[in-house]
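data.txt follows; it contains compact mmCIF, C-alpha atoms and all ligand atoms.
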```
# COMPACT_ATOMS: atom_id res chain seq x y z
CA MET A 1 11.15 9.89 25.39
CA SER A 2 7.88 11.23 26.79
CA ALA A 3 8.75 14.78 25.70
CA GLN A 4 9.39 13.43 22.26
CA SER A 5 6.06 11.67 21.93
CA THR A 6 4.11 14.83 22.77
CA ARG A 7 5.62 16.67 19.82
CA ILE A 8 3.55 16.85 16.69
CA ASN A 9 4.89 14.62 13.93
CA LEU A 10 4.84 16.69 10.73
CA LEU A 11 4.60 13.49 8.67
CA ASP A 12 1.07 13.08 10.04
CA LEU A 13 -0.07 16.33 8.36
CA ASP A 14 -1.21 16.67 4.78
CA LEU A 15 -0.69 19.91 2.86
CA GLY A 16 -3.77 21.60 4.34
CA GLY A 17 -2.88 20.39 7.82
CA LEU A 18 0.65 21.71 7.54
CA ARG A 19 -0.59 25.13 6.36
CA ASP A 20 -2.98 25.27 9.32
CA PHE A 21 -0.14 24.29 11.62
CA PHE A 22 2.01 27.23 10.48
CA LEU A 23 -0.96 29.61 10.64
CA SER A 24 -1.52 28.52 14.23
CA LEU A 25 2.08 29.51 14.95
CA GLY A 26 1.44 32.94 13.46
CA GLU A 27 3.54 32.07 10.42
CA LYS A 28 2.73 32.44 6.72
CA PRO A 29 1.24 29.33 5.08
CA PHE A 30 4.09 29.16 2.53
CA ARG A 31 6.28 27.86 5.36
CA ALA A 32 4.40 24.61 4.78
CA HIS A 33 5.74 24.49 1.22
CA GLN A 34 9.30 25.09 2.36
CA VAL A 35 9.08 22.36 4.99
CA LEU A 36 7.44 19.88 2.61
CA LYS A 37 10.25 20.40 0.13
CA TRP A 38 12.92 19.89 2.78
CA ILE A 39 11.30 16.69 3.94
CA TYR A 40 10.11 15.05 0.74
CA HIS A 41 12.51 16.45 -1.87
CA GLN A 42 15.69 16.70 0.20
CA HIS A 43 14.86 13.99 2.77
CA VAL A 44 15.95 16.37 5.53
CA THR A 45 14.27 15.68 8.88
CA ASP A 46 16.27 17.96 11.19
CA PHE A 47 14.79 21.46 11.53
CA GLU A 48 18.23 22.95 12.18
CA ALA A 49 19.21 22.04 8.62
CA MET A 50 16.16 23.79 7.08
CA THR A 51 18.17 26.92 6.45
CA ASP A 52 15.53 29.08 4.76
CA LEU A 53 13.25 29.00 7.80
CA GLY A 54 14.94 31.52 10.05
CA LEU A 55 16.64 30.74 13.32
CA ASP A 56 13.69 31.53 15.57
CA LEU A 57 11.25 29.37 13.70
CA ARG A 58 13.71 26.50 13.57
CA ARG A 59 14.15 26.69 17.36
CA ARG A 60 10.39 26.79 17.94
CA LEU A 61 9.82 23.86 15.62
CA SER A 62 12.44 21.79 17.45
CA LEU A 63 10.51 22.32 20.69
CA ILE A 64 7.03 21.46 19.49
CA ALA A 65 7.40 19.36 16.37
CA GLU A 66 9.43 16.55 14.87
CA VAL A 67 9.77 14.53 11.70
CA ARG A 68 9.51 11.01 13.08
CA MET A 69 9.84 7.95 10.87
CA PRO A 70 9.49 4.32 11.87
CA GLU A 71 12.73 2.86 13.20
CA ILE A 72 14.68 0.45 10.97
CA LEU A 73 15.00 -2.80 12.94
CA GLY A 74 16.31 -4.87 10.07
CA GLU A 75 17.22 -4.65 6.40
CA GLN A 76 17.52 -7.72 4.18
CA HIS A 77 18.79 -7.86 0.61
CA SER A 78 17.59 -10.58 -1.75
CA ALA A 79 19.80 -12.09 -4.44
CA ASP A 80 17.50 -10.45 -7.02
CA GLY A 81 18.03 -6.93 -5.61
CA THR A 82 14.81 -6.78 -3.59
CA VAL A 83 15.22 -5.06 -0.22
CA LYS A 84 12.97 -5.70 2.77
CA TRP A 85 12.86 -3.51 5.87
CA LEU A 86 11.47 -4.50 9.23
CA LEU A 87 10.26 -1.26 10.81
CA GLY A 88 9.62 -0.77 14.50
CA LEU A 89 6.70 1.32 15.76
CA PRO A 90 6.03 2.85 19.17
CA GLY A 91 4.73 0.12 21.50
CA GLY A 92 6.87 -2.65 20.01
CA SER A 93 4.93 -3.66 16.91
CA ALA A 94 6.69 -3.92 13.57
CA ILE A 95 5.70 -3.73 9.93
CA GLU A 96 7.45 -4.54 6.69
CA SER A 97 8.12 -2.58 3.47
CA VAL A 98 9.73 -3.99 0.35
CA PHE A 99 11.60 -2.33 -2.54
CA ILE A 100 11.50 -4.19 -5.86
CA PRO A 101 13.95 -2.90 -8.50
CA GLU A 102 13.24 -3.60 -12.15
CA PRO A 103 15.08 -2.34 -15.23
CA ALA A 104 12.58 0.43 -16.00
CA ARG A 105 11.17 1.18 -12.56
CA GLY A 106 11.54 0.74 -8.84
CA THR A 107 8.47 -0.20 -6.84
CA LEU A 108 8.11 0.30 -3.12
CA CYS A 109 5.48 -1.88 -1.46
CA ILE A 110 4.28 -0.44 1.85
CA SER A 111 1.98 -1.47 4.71
CA SER A 112 -1.16 0.31 5.89
CA GLN A 113 -1.98 -1.57 9.12
CA VAL A 114 -0.21 -3.64 11.77
CA GLY A 115 -1.51 -7.04 10.76
CA CYS A 116 -4.84 -7.40 8.99
CA ALA A 117 -8.39 -8.24 10.08
CA LEU A 118 -9.71 -9.67 6.84
CA ASN A 119 -8.52 -13.26 7.26
CA CYS A 120 -7.95 -14.15 3.61
CA THR A 121 -7.16 -17.85 3.93
CA PHE A 122 -4.05 -17.89 1.73
CA CYS A 123 -2.29 -14.81 3.20
CA SER A 124 0.31 -15.05 5.94
CA THR A 125 -0.37 -11.54 7.23
CA ALA A 126 -3.83 -12.84 8.18
CA THR A 127 -2.28 -15.46 10.45
CA GLN A 128 -0.75 -12.61 12.48
CA GLY A 129 -4.10 -11.11 13.41
CA PHE A 130 -4.82 -7.39 13.56
CA SER A 131 -3.44 -4.90 16.03
CA ARG A 132 -3.97 -1.33 14.83
CA ASN A 133 -4.11 1.14 11.98
CA LEU A 134 -0.95 2.97 10.99
CA THR A 135 -0.92 6.76 11.30
CA ALA A 136 -0.49 8.87 8.15
CA GLY A 137 3.07 9.55 9.28
CA GLU A 138 3.84 5.86 9.66
CA ILE A 139 2.56 5.26 6.12
CA ILE A 140 4.35 8.13 4.36
CA GLY A 141 7.32 7.56 6.69
CA GLN A 142 7.89 4.19 5.00
CA VAL A 143 8.34 5.96 1.66
CA LEU A 144 10.59 8.60 3.16
CA LEU A 145 12.75 6.02 4.92
CA ALA A 146 13.15 3.92 1.80
CA ALA A 147 13.83 6.96 -0.41
CA ARG A 148 16.54 8.05 2.01
CA ALA A 149 18.04 4.59 2.41
CA LEU A 150 18.11 3.93 -1.34
CA GLY A 151 19.35 7.33 -2.42
CA HIS A 152 19.46 8.22 -6.09
CA GLU A 153 20.80 6.35 -9.09
CA ARG A 154 24.10 7.50 -10.55
CA ASN A 155 22.29 9.50 -13.23
CA GLY A 156 20.44 11.39 -10.49
CA ARG A 157 17.12 9.62 -11.07
CA ARG A 158 15.07 8.62 -8.08
CA ARG A 159 15.07 4.91 -7.38
CA ILE A 160 11.44 4.77 -6.21
CA THR A 161 9.26 5.42 -9.26
CA ASN A 162 6.14 3.59 -8.05
CA VAL A 163 4.46 2.97 -4.71
CA VAL A 164 1.95 0.19 -4.08
CA LEU A 165 -0.11 -0.27 -0.92
CA MET A 166 0.17 -4.04 -1.11
CA GLY A 167 2.05 -4.75 2.09
CA MET A 168 0.44 -5.64 5.40
CA GLY A 169 -3.13 -4.53 5.98
CA GLU A 170 -6.26 -3.45 4.12
CA PRO A 171 -5.70 0.18 3.09
CA LEU A 172 -9.38 1.08 2.71
CA LEU A 173 -10.04 0.06 6.33
CA ASN A 174 -7.59 2.79 7.38
CA PHE A 175 -9.10 5.40 5.13
CA GLU A 176 -8.14 8.91 6.28
CA PRO A 177 -4.48 8.24 7.12
CA VAL A 178 -4.09 6.37 3.83
CA VAL A 179 -5.63 9.24 1.82
CA SER A 180 -3.43 11.76 3.58
CA ALA A 181 -0.31 9.73 2.74
CA LEU A 182 -1.49 9.23 -0.86
CA GLU A 183 -1.89 13.00 -1.29
CA ILE A 184 1.72 13.51 -0.31
CA MET A 185 2.90 10.77 -2.66
CA ARG A 186 1.02 12.51 -5.51
CA HIS A 187 1.68 16.18 -4.73
CA ASP A 188 4.51 18.09 -6.39
CA LEU A 189 5.67 19.33 -3.01
CA GLY A 190 5.69 15.71 -1.83
CA PHE A 191 7.02 12.79 -3.90
CA GLY A 192 5.31 14.05 -7.07
CA LEU A 193 4.35 10.60 -8.39
CA ALA A 194 1.86 10.37 -11.27
CA ALA A 195 -1.57 8.85 -10.58
CA LYS A 196 -0.78 5.64 -12.43
CA ARG A 197 2.36 5.16 -10.33
CA VAL A 198 0.57 5.01 -6.98
CA THR A 199 -1.61 1.95 -6.46
CA VAL A 200 -4.00 1.07 -3.67
CA SER A 201 -4.74 -2.64 -3.45
CA THR A 202 -7.97 -3.68 -1.75
CA ALA A 203 -9.57 -6.99 -0.89
CA GLY A 204 -12.80 -5.42 -2.16
CA LEU A 205 -14.21 -2.93 0.32
CA VAL A 206 -16.98 -1.60 -1.92
CA PRO A 207 -17.90 1.65 -0.07
CA GLY A 208 -14.21 2.47 0.35
CA ILE A 209 -13.65 2.24 -3.41
CA ALA A 210 -16.27 4.93 -4.07
CA ARG A 211 -14.91 7.14 -1.29
CA LEU A 212 -11.36 6.81 -2.56
CA ARG A 213 -12.39 7.97 -6.03
CA ASP A 214 -13.85 11.15 -4.55
CA ARG A 215 -10.71 11.99 -2.62
CA VAL A 216 -7.54 11.29 -4.58
CA ASP A 217 -6.55 10.17 -8.06
CA VAL A 218 -4.61 6.91 -7.80
CA ALA A 219 -4.62 3.52 -9.51
CA LEU A 220 -6.70 0.74 -8.03
CA ALA A 221 -5.91 -2.96 -7.73
CA VAL A 222 -8.57 -5.37 -6.53
CA SER A 223 -7.84 -8.80 -5.08
CA LEU A 224 -10.33 -11.07 -6.83
CA HIS A 225 -8.84 -14.60 -6.62
CA ALA A 226 -12.04 -16.38 -7.74
CA PRO A 227 -14.57 -16.04 -10.56
CA ASN A 228 -17.65 -16.92 -8.46
CA ASP A 229 -19.01 -16.00 -5.04
CA ALA A 230 -18.98 -19.52 -3.56
CA LEU A 231 -15.24 -19.90 -4.11
CA ARG A 232 -14.38 -16.28 -3.36
CA GLU A 233 -16.12 -16.53 0.01
CA GLN A 234 -13.78 -19.34 0.97
CA LEU A 235 -10.67 -17.39 0.01
CA VAL A 236 -11.65 -13.81 0.84
CA PRO A 237 -14.26 -13.87 3.64
CA LEU A 238 -15.05 -10.19 2.96
CA ASN A 239 -16.92 -11.46 -0.11
CA ARG A 240 -19.84 -12.40 2.17
CA LYS A 241 -20.38 -8.73 2.81
CA TYR A 242 -19.39 -7.45 -0.64
CA PRO A 243 -19.98 -10.09 -3.32
CA ILE A 244 -18.52 -10.01 -6.83
CA LYS A 245 -21.35 -8.15 -8.58
CA PRO A 246 -21.37 -5.01 -6.39
CA LEU A 247 -17.58 -5.17 -6.35
CA LEU A 248 -17.34 -5.06 -10.13
CA ASP A 249 -19.97 -2.30 -10.22
CA ALA A 250 -17.76 -0.26 -7.88
CA CYS A 251 -14.77 -0.95 -10.14
CA ARG A 252 -16.64 0.25 -13.24
CA ALA A 253 -17.66 3.41 -11.39
CA TYR A 254 -14.06 3.94 -10.27
CA VAL A 255 -12.74 4.19 -13.83
CA ALA A 256 -15.84 5.82 -15.37
CA GLY A 257 -15.03 9.18 -16.95
CA ARG A 258 -11.29 8.75 -16.48
CA ARG A 259 -9.46 8.30 -19.74
CA LYS A 260 -7.04 5.42 -20.21
CA ARG A 261 -7.76 4.01 -16.76
CA SER A 262 -8.29 0.42 -15.85
CA ILE A 263 -8.49 -1.69 -12.74
CA THR A 264 -5.80 -4.27 -12.04
CA PHE A 265 -7.36 -7.48 -10.79
CA GLU A 266 -5.09 -9.66 -8.70
CA TYR A 267 -5.57 -13.39 -8.80
CA THR A 268 -3.35 -15.66 -6.73
CA LEU A 269 -3.17 -19.10 -8.33
CA LEU A 270 -3.72 -21.90 -5.82
CA ASP A 271 -3.11 -25.45 -6.98
CA GLY A 272 -6.37 -27.34 -7.47
CA VAL A 273 -8.43 -24.55 -5.91
CA ASN A 274 -8.96 -21.72 -8.41
CA ASP A 275 -6.65 -22.59 -11.31
CA SER A 276 -8.73 -24.79 -13.67
CA PRO A 277 -9.51 -23.95 -17.33
CA GLN A 278 -13.16 -23.47 -16.29
CA HIS A 279 -12.11 -20.89 -13.71
CA ALA A 280 -10.05 -19.12 -16.36
CA ARG A 281 -12.95 -18.97 -18.80
CA ALA A 282 -15.39 -17.74 -16.16
CA LEU A 283 -12.87 -15.12 -15.07
CA ALA A 284 -12.40 -13.86 -18.63
CA SER A 285 -16.11 -13.35 -19.16
CA LEU A 286 -16.38 -11.45 -15.84
CA LEU A 287 -13.40 -9.20 -16.53
CA LYS A 288 -14.44 -8.33 -20.05
CA THR A 289 -17.21 -6.24 -18.47
CA VAL A 290 -14.71 -3.94 -16.68
CA PRO A 291 -11.83 -1.94 -18.22
CA SER A 292 -9.13 -4.04 -16.63
CA LYS A 293 -5.91 -5.98 -16.63
CA LEU A 294 -5.34 -9.24 -14.81
CA ASN A 295 -2.28 -9.87 -12.69
CA LEU A 296 -1.79 -13.54 -11.93
CA ILE A 297 0.25 -14.14 -8.76
CA PRO A 298 1.90 -17.52 -8.19
CA PHE A 299 1.06 -18.48 -4.59
CA ASN A 300 3.90 -17.81 -2.18
CA SER A 301 4.08 -20.39 0.52
CA PHE A 302 4.48 -19.73 4.25
CA PRO A 303 4.73 -21.97 7.31
CA GLY A 304 1.48 -23.66 8.25
CA THR A 305 -0.39 -23.19 4.98
CA ALA A 306 -2.10 -26.09 3.23
CA TYR A 307 -2.20 -24.30 -0.14
CA ARG A 308 0.30 -24.99 -2.84
CA CYS A 309 1.44 -23.00 -5.84
CA SER A 310 0.00 -24.03 -9.20
CA ARG A 311 2.43 -25.79 -11.53
CA PRO A 312 4.11 -23.54 -14.14
CA GLU A 313 2.29 -25.26 -17.08
CA ARG A 314 -0.98 -24.70 -15.30
CA ILE A 315 -0.21 -21.02 -14.79
CA GLU A 316 0.72 -20.65 -18.45
CA GLU A 317 -2.44 -22.41 -19.58
CA PHE A 318 -4.57 -20.26 -17.28
CA GLN A 319 -2.98 -17.14 -18.70
CA SER A 320 -3.53 -18.15 -22.33
CA ILE A 321 -7.20 -19.03 -21.76
CA VAL A 322 -7.86 -15.65 -20.16
CA MET A 323 -5.97 -13.85 -22.93
CA ALA A 324 -7.93 -15.78 -25.57
CA GLY A 325 -11.05 -14.53 -23.79
CA GLY A 326 -9.95 -10.95 -24.51
CA VAL A 327 -8.35 -9.96 -21.20
CA ILE A 328 -4.77 -8.70 -20.83
CA ALA A 329 -3.08 -10.98 -18.32
CA THR A 330 0.42 -10.90 -16.89
CA VAL A 331 2.08 -13.22 -14.42
CA ARG A 332 3.71 -11.43 -11.49
CA ARG A 333 7.28 -12.54 -11.23
CA THR A 334 7.97 -13.66 -7.69
CA ARG A 335 10.56 -11.36 -6.18
CA GLY A 336 12.45 -11.54 -2.93
CA ASP A 337 11.12 -14.93 -1.87
CA ASP A 338 14.53 -15.89 -0.47
CA ILE A 339 14.00 -13.21 2.18
CA ASP A 340 10.23 -13.84 2.59
CA ALA A 341 9.44 -10.53 0.91
CA ALA A 342 7.02 -11.86 -1.71
CA CYS A 343 3.25 -11.19 -1.80
CA GLY A 344 1.47 -12.55 1.23
CA GLN A 345 4.70 -13.31 3.08
CA LEU A 346 4.96 -10.09 5.07
CA VAL A 347 4.40 -10.67 8.75
CA GLY A 348 6.14 -7.99 10.80
CA ARG A 349 5.49 -8.28 14.50
CA VAL A 350 1.89 -7.93 15.54
CA LEU A 351 1.53 -7.34 19.25
CA ASP A 352 -1.86 -6.99 20.93
CA ARG A 353 -4.03 -8.96 18.59
CA THR A 354 -7.05 -8.47 20.79
CA ARG A 355 -8.82 -6.50 18.12
CA ARG A 356 -8.82 -9.41 15.73
CA SER A 357 -12.53 -9.99 15.87
CA ARG A 358 -15.70 -9.66 13.92
CA GLY A 359 -16.48 -6.81 16.27
CA TYR A 360 -13.62 -4.69 15.03
CA LEU A 361 -14.40 -5.50 11.44
CA ALA A 362 -18.07 -4.62 11.82
CA THR A 363 -17.19 -1.28 13.39
CA ALA A 364 -14.55 -0.47 10.81
CA GLN A 365 -16.87 -1.30 7.93
CA GLY A 366 -19.79 0.50 9.52
CA LYS A 367 -17.66 3.64 9.69
CA ASP A 368 -16.62 3.12 6.14
CA ALA A 369 -20.08 2.65 4.67
N1 LIG B 1 -5.17 -6.01 1.63
C1 LIG B 1 -4.78 -5.67 0.28
C2 LIG B 1 -3.27 -5.80 0.08
C3 LIG B 1 -2.82 -7.22 0.23
S1 LIG B 1 -1.38 -7.91 -0.44
C4 LIG B 1 -5.50 -6.58 -0.68
O1 LIG B 1 -6.12 -7.53 -0.25
O2 LIG B 1 -5.47 -6.31 -1.88
C5 LIG B 1 -1.37 -7.84 -2.14
C6 LIG B 1 -1.84 -9.09 -2.89
O3 LIG B 1 -1.16 -10.31 -2.54
C7 LIG B 1 -3.31 -9.35 -2.68
O4 LIG B 1 -3.93 -9.59 -3.91
C8 LIG B 1 -3.28 -10.59 -1.83
O5 LIG B 1 -4.48 -11.28 -1.92
C9 LIG B 1 -2.11 -11.34 -2.42
N2 LIG B 1 -1.60 -12.40 -1.55
C10 LIG B 1 -1.80 -12.55 -0.23
N3 LIG B 1 -1.17 -13.67 0.21
C11 LIG B 1 -0.56 -14.22 -0.84
C12 LIG B 1 0.29 -15.35 -1.00
N4 LIG B 1 0.62 -16.12 0.03
N5 LIG B 1 0.76 -15.61 -2.23
C13 LIG B 1 0.47 -14.81 -3.27
N6 LIG B 1 -0.32 -13.72 -3.18
C14 LIG B 1 -0.82 -13.41 -1.97
```

Using structure tokens, write down the structure that the file contains.
Amino acid sequence: MSAQSTRINLLDLDLGGLRDFFLSLGEKPFRAHQVLKWIYHQHVTDFEAMTDLGLDLRRRLSLIAEVRMPEILGEQHSADGTVKWLLGLPGGSAIESVFIPEPARGTLCISSQVGCALNCTFCSTATQGFSRNLTAGEIIGQVLLAARALGHERNGRRRITNVVLMGMGEPLLNFEPVVSALEIMRHDLGFGLAAKRVTVSTAGLVPGIARLRDRVDVALAVSLHAPNDALREQLVPLNRKYPIKPLLDACRAYVAGRRKRSITFEYTLLDGVNDSPQHARALASLLKTVPSKLNLIPFNSFPGTAYRCSRPERIEEFQSIVMAGGVIATVRRTRGDDIDAACGQLVGRVLDRTRRSRGYLATAQGKDA
């Protein structure tokens, strides 16, 4: 076990890192391309099976490197086809990933941290506290694991067509590992997904939004949940640091100069809290100022929460008011709730919550700014 953990996990390396790795072994950089294709196109993780590498190199790789994915601790299938994996990490923590099949696409929802430090009041991940950031390999490893477990459709098409970072954690508080994993999702030698098919969802970390734009071309979803600062502060405490105005400015800058791009705003409807016609009207006038779509999420309940889901008529009314105000709004169909796989229901197993503190958050944001 100890020998294993000293080996370098190739999933932690992006394309540049993998080229450097082969150069350091005295090998040509194109070895990186061969290995990437084995891993991400063929889902092969055993060096012995990478037959175009040469026997010597394969032997050397087996001694110093590995392709280590999280360990599958559990796999649950929902009646609607949704699959949820509980994935074990070194040290005993666990995270969750969810695959959501739809007729025209298959979306994999992955985690970026063990737990979350942002304390949004209506999210069950928040109740778990925060333990640590995932490594790049643990992030991309979730995609690799799921791709391998799901296989291909009968017509040879891949089952995962979209990836969303909407599982446990705040992706922009784990910036470098997330960017490295996103590059592999996008790159032709990796999963080769188009920019609009890879989405980072953030609670609104303003400096992180600007940094992300500079580094990798992906779609952005922003968790808004309220049309004014007073209410948003109650639901998303991060709003105290980054209120709505600078957040929307960052969103406008994110799509500026990129054709046909828009931000997806997420808005979880909480009965009697943020779901009135006045809220809907205020939201429409805010969102008209940003190229955007609105995704309304019916609240998913979890043990211990005082919030309730808005009634269906209320959700419908909210949607039509926003649409009448000139904003495209869809209601996210709740998937996998019979296996607690719906938005805000992912909990994993968060050991060592000692870092759940304002201290950690201040440091993480300071680094990010
Ligand atoms: N940290 C990221 C990813 C979170 S999960 C972010 O904040 O965007 C993805 C979405 O589900 C977010 O919009 C989140 O606010 C929302 N969500 C969290 N808990 C929920 C719940 N119990 N019911 C419905 N949506 C929830």

Ligand LIG 1 (chain B): which residues are within 9 Å, counting only C-alpha atoms and all ligand atoms? Reply as a ChimeraX atom specification. /A:111-112,116,118,120-126,164-172,200-204,221-225,235-236,265-270,295-302,305,307,309,334,342-346

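Computed from the coordinates, the atom CA of A:Met323 to atom CA of A:Pro237 distance equals 27.8 Å.
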
For A:Ala250, which residue among A:Asn274, A:Arg281, A:Glu27, A:Val290 is the nearest when counting all atoms listed in the file?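 Closest residue, counting all atoms listed in the file: A:Val290.
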
Excluding A:Thr161 and any residue of its chain fewer than 5 positions from it, enumerate the residues within 12 Å of it, using all atoms listed in the file, and give them as a ChimeraX atom specification. /A:99-109,143,146-147,150,152-153,185-186,191-199

Mind listing as a list in words all residues within 9 Å of (-10.8, -1.8, -19.6), counting only C-alpha atoms? Arg252, Val255, Lys260, Arg261, Ser262, Ile263, Leu287, Lys288, Thr289, Val290, Pro291, Ser292, Lys293 and Val327 of chain A

Go through stretch 39-120 of chain A residue by residue and, counting only C-alpha atoms, keep those with an atom at most 9 Å from stretch 336-341 of chain A; for each kept residue give the shortest atom pair and its distance in Å to one decimal, ordered by chain and increasing number, as a Markdown table.
```
| residue | atom | partner | partner_atom | distance |
| --- | --- | --- | --- | --- |
| A:Gln76 | CA | A:Ile339 | CA | 6.8 |
| A:His77 | CA | A:Ile339 | CA | 7.4 |
| A:Ser78 | CA | A:Gly336 | CA | 5.4 |
| A:Ala79 | CA | A:Gly336 | CA | 7.5 |
| A:Asp80 | CA | A:Gly336 | CA | 6.6 |
| A:Gly81 | CA | A:Gly336 | CA | 7.7 |
| A:Thr82 | CA | A:Gly336 | CA | 5.4 |
| A:Val83 | CA | A:Gly336 | CA | 7.6 |
| A:Lys84 | CA | A:Ala341 | CA | 6.3 |
| A:Glu96 | CA | A:Ala341 | CA | 8.6 |
| A:Ser97 | CA | A:Ala341 | CA | 8.5 |
| A:Val98 | CA | A:Ala341 | CA | 6.6 |
| A:Ile100 | CA | A:Gly336 | CA | 8.0 |
```

Using only C-alpha atoms, please write the residues we just selected to a file, as a compact mmCIF listing (two decimals), in the frame of the given file.
```txt
# COMPACT_ATOMS: atom_id res chain seq x y z
CA GLN A 76 17.52 -7.72 4.18
CA HIS A 77 18.79 -7.86 0.61
CA SER A 78 17.59 -10.58 -1.75
CA ALA A 79 19.80 -12.09 -4.44
CA ASP A 80 17.50 -10.45 -7.02
CA GLY A 81 18.03 -6.93 -5.61
CA THR A 82 14.81 -6.78 -3.59
CA VAL A 83 15.22 -5.06 -0.22
CA LYS A 84 12.97 -5.70 2.77
CA GLU A 96 7.45 -4.54 6.69
CA SER A 97 8.12 -2.58 3.47
CA VAL A 98 9.73 -3.99 0.35
CA ILE A 100 11.50 -4.19 -5.86
```

Report as JSON lines: every residue of stretch 97-184 of chain A with an atom at most 10 Å from stretch 30-47 of chain A, its closest pair of atoms, and their distance in Å to one decimal, counting only C-alpha atoms, with rows sorted by chain and ascending residue number.
```
{"residue": "A:Ile140", "atom": "CA", "partner": "A:Tyr40", "partner_atom": "CA", "distance": 9.7}
{"residue": "A:Gly141", "atom": "CA", "partner": "A:Tyr40", "partner_atom": "CA", "distance": 10.0}
{"residue": "A:Val143", "atom": "CA", "partner": "A:Tyr40", "partner_atom": "CA", "distance": 9.3}
{"residue": "A:Leu144", "atom": "CA", "partner": "A:His43", "partner_atom": "CA", "distance": 6.9}
{"residue": "A:Leu145", "atom": "CA", "partner": "A:His43", "partner_atom": "CA", "distance": 8.5}
{"residue": "A:Ala147", "atom": "CA", "partner": "A:His43", "partner_atom": "CA", "distance": 7.8}
{"residue": "A:Arg148", "atom": "CA", "partner": "A:His43", "partner_atom": "CA", "distance": 6.2}
{"residue": "A:Ala149", "atom": "CA", "partner": "A:His43", "partner_atom": "CA", "distance": 9.9}
{"residue": "A:Gly151", "atom": "CA", "partner": "A:His43", "partner_atom": "CA", "distance": 9.6}
{"residue": "A:Ile184", "atom": "CA", "partner": "A:Tyr40", "partner_atom": "CA", "distance": 8.6}
```

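Every protein or nucleic acid residue with an atom no more than 8 Å from A:Leu283, counting all atoms listed in the file and leaving out same-chain residues fewer than 2 positions away, appears here: Ala226, Pro227, His279, Ala280, Arg281, Ser285, Leu286, Leu287 and Val322 of chain A.
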
Computed interatomic separation between atom CA of A:Arg259 and atom CA of A:Val216 (Å):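 For atom CA of A:Arg259 relative to atom CA of A:Val216, the distance reads 15.6 Å.
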
Given the choices A:Val206, A:Glu71, A:Ala181, A:Arg59, which gets closest to A:Ile110 if the distance is worked out from only C-alpha atoms?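 Residue with the minimum atom-to-atom distance to A:Ile110: A:Ala181.
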
How far is it from atom CA of A:Leu87 to atom CA of A:Leu73, in Å with one decimal? 5.4 Å

Per-residue nearest contacts of stretch 73-176 of chain A to stretch 3-22 of chain A (9 Å; all atoms listed in the file) as CSV:
```
residue,atom,partner,partner_atom,distance
A:Thr135,CA,A:Asp12,CA,6.7
A:Ala136,CA,A:Asp12,CA,4.9
A:Gly137,CA,A:Asp12,CA,4.1
A:Glu138,CA,A:Leu11,CA,7.7
A:Ile139,CA,A:Leu11,CA,8.9
A:Ile140,CA,A:Leu11,CA,6.9
A:Gly141,CA,A:Leu11,CA,6.8
```

Using C-alpha atoms, can you export the residues from the last selection as a PDB file, keeping the file's coordinate frame?
```pdb
ATOM      1  CA  THR A 135      -0.920   6.760  11.300  1.00  0.00           C
ATOM      2  CA  ALA A 136      -0.490   8.870   8.150  1.00  0.00           C
ATOM      3  CA  GLY A 137       3.070   9.550   9.280  1.00  0.00           C
ATOM      4  CA  GLU A 138       3.840   5.860   9.660  1.00  0.00           C
ATOM      5  CA  ILE A 139       2.560   5.260   6.120  1.00  0.00           C
ATOM      6  CA  ILE A 140       4.350   8.130   4.360  1.00  0.00           C
ATOM      7  CA  GLY A 141       7.320   7.560   6.690  1.00  0.00           C
TER       8      GLY A 141
END
```

Selected residue, from A:Gly272, A:Gly348, A:Pro207, A:Pro312, that lies nearest to A:Ala94 when counting all atoms listed in the file: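 Under the stated criterion, the closest residue is A:Gly348.
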
Padding 5 Å on every side, please: axis-aligned box over the listed atoms of stretch 6-13 of chain A, centre and edge lengths to one decimal in Å, as lines of an AutoDock Vina configuration file.
```
center_x = 2.8
center_y = 15.0
center_z = 15.6
size_x = 15.7
size_y = 13.8
size_z = 24.4
```

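Residues surrounding A:Pro243 within 10 Å are Gly204, Leu205, Val206, Asn228, Asp229, Ala230, Arg232, Glu233, Pro237, Leu238, Asn239, Arg240, Lys241, Lys245, Pro246, Leu247 and Leu248 of chain A [only C-alpha atoms; sequence separation below 2 positions excluded].
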
Which one of A:Gln234, A:Gln142, A:Ser93, A:Gln319 sits closest to A:Val114 if you count all atoms listed in the file?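 Checking each candidate against A:Val114, we get A:Ser93 as the closest.
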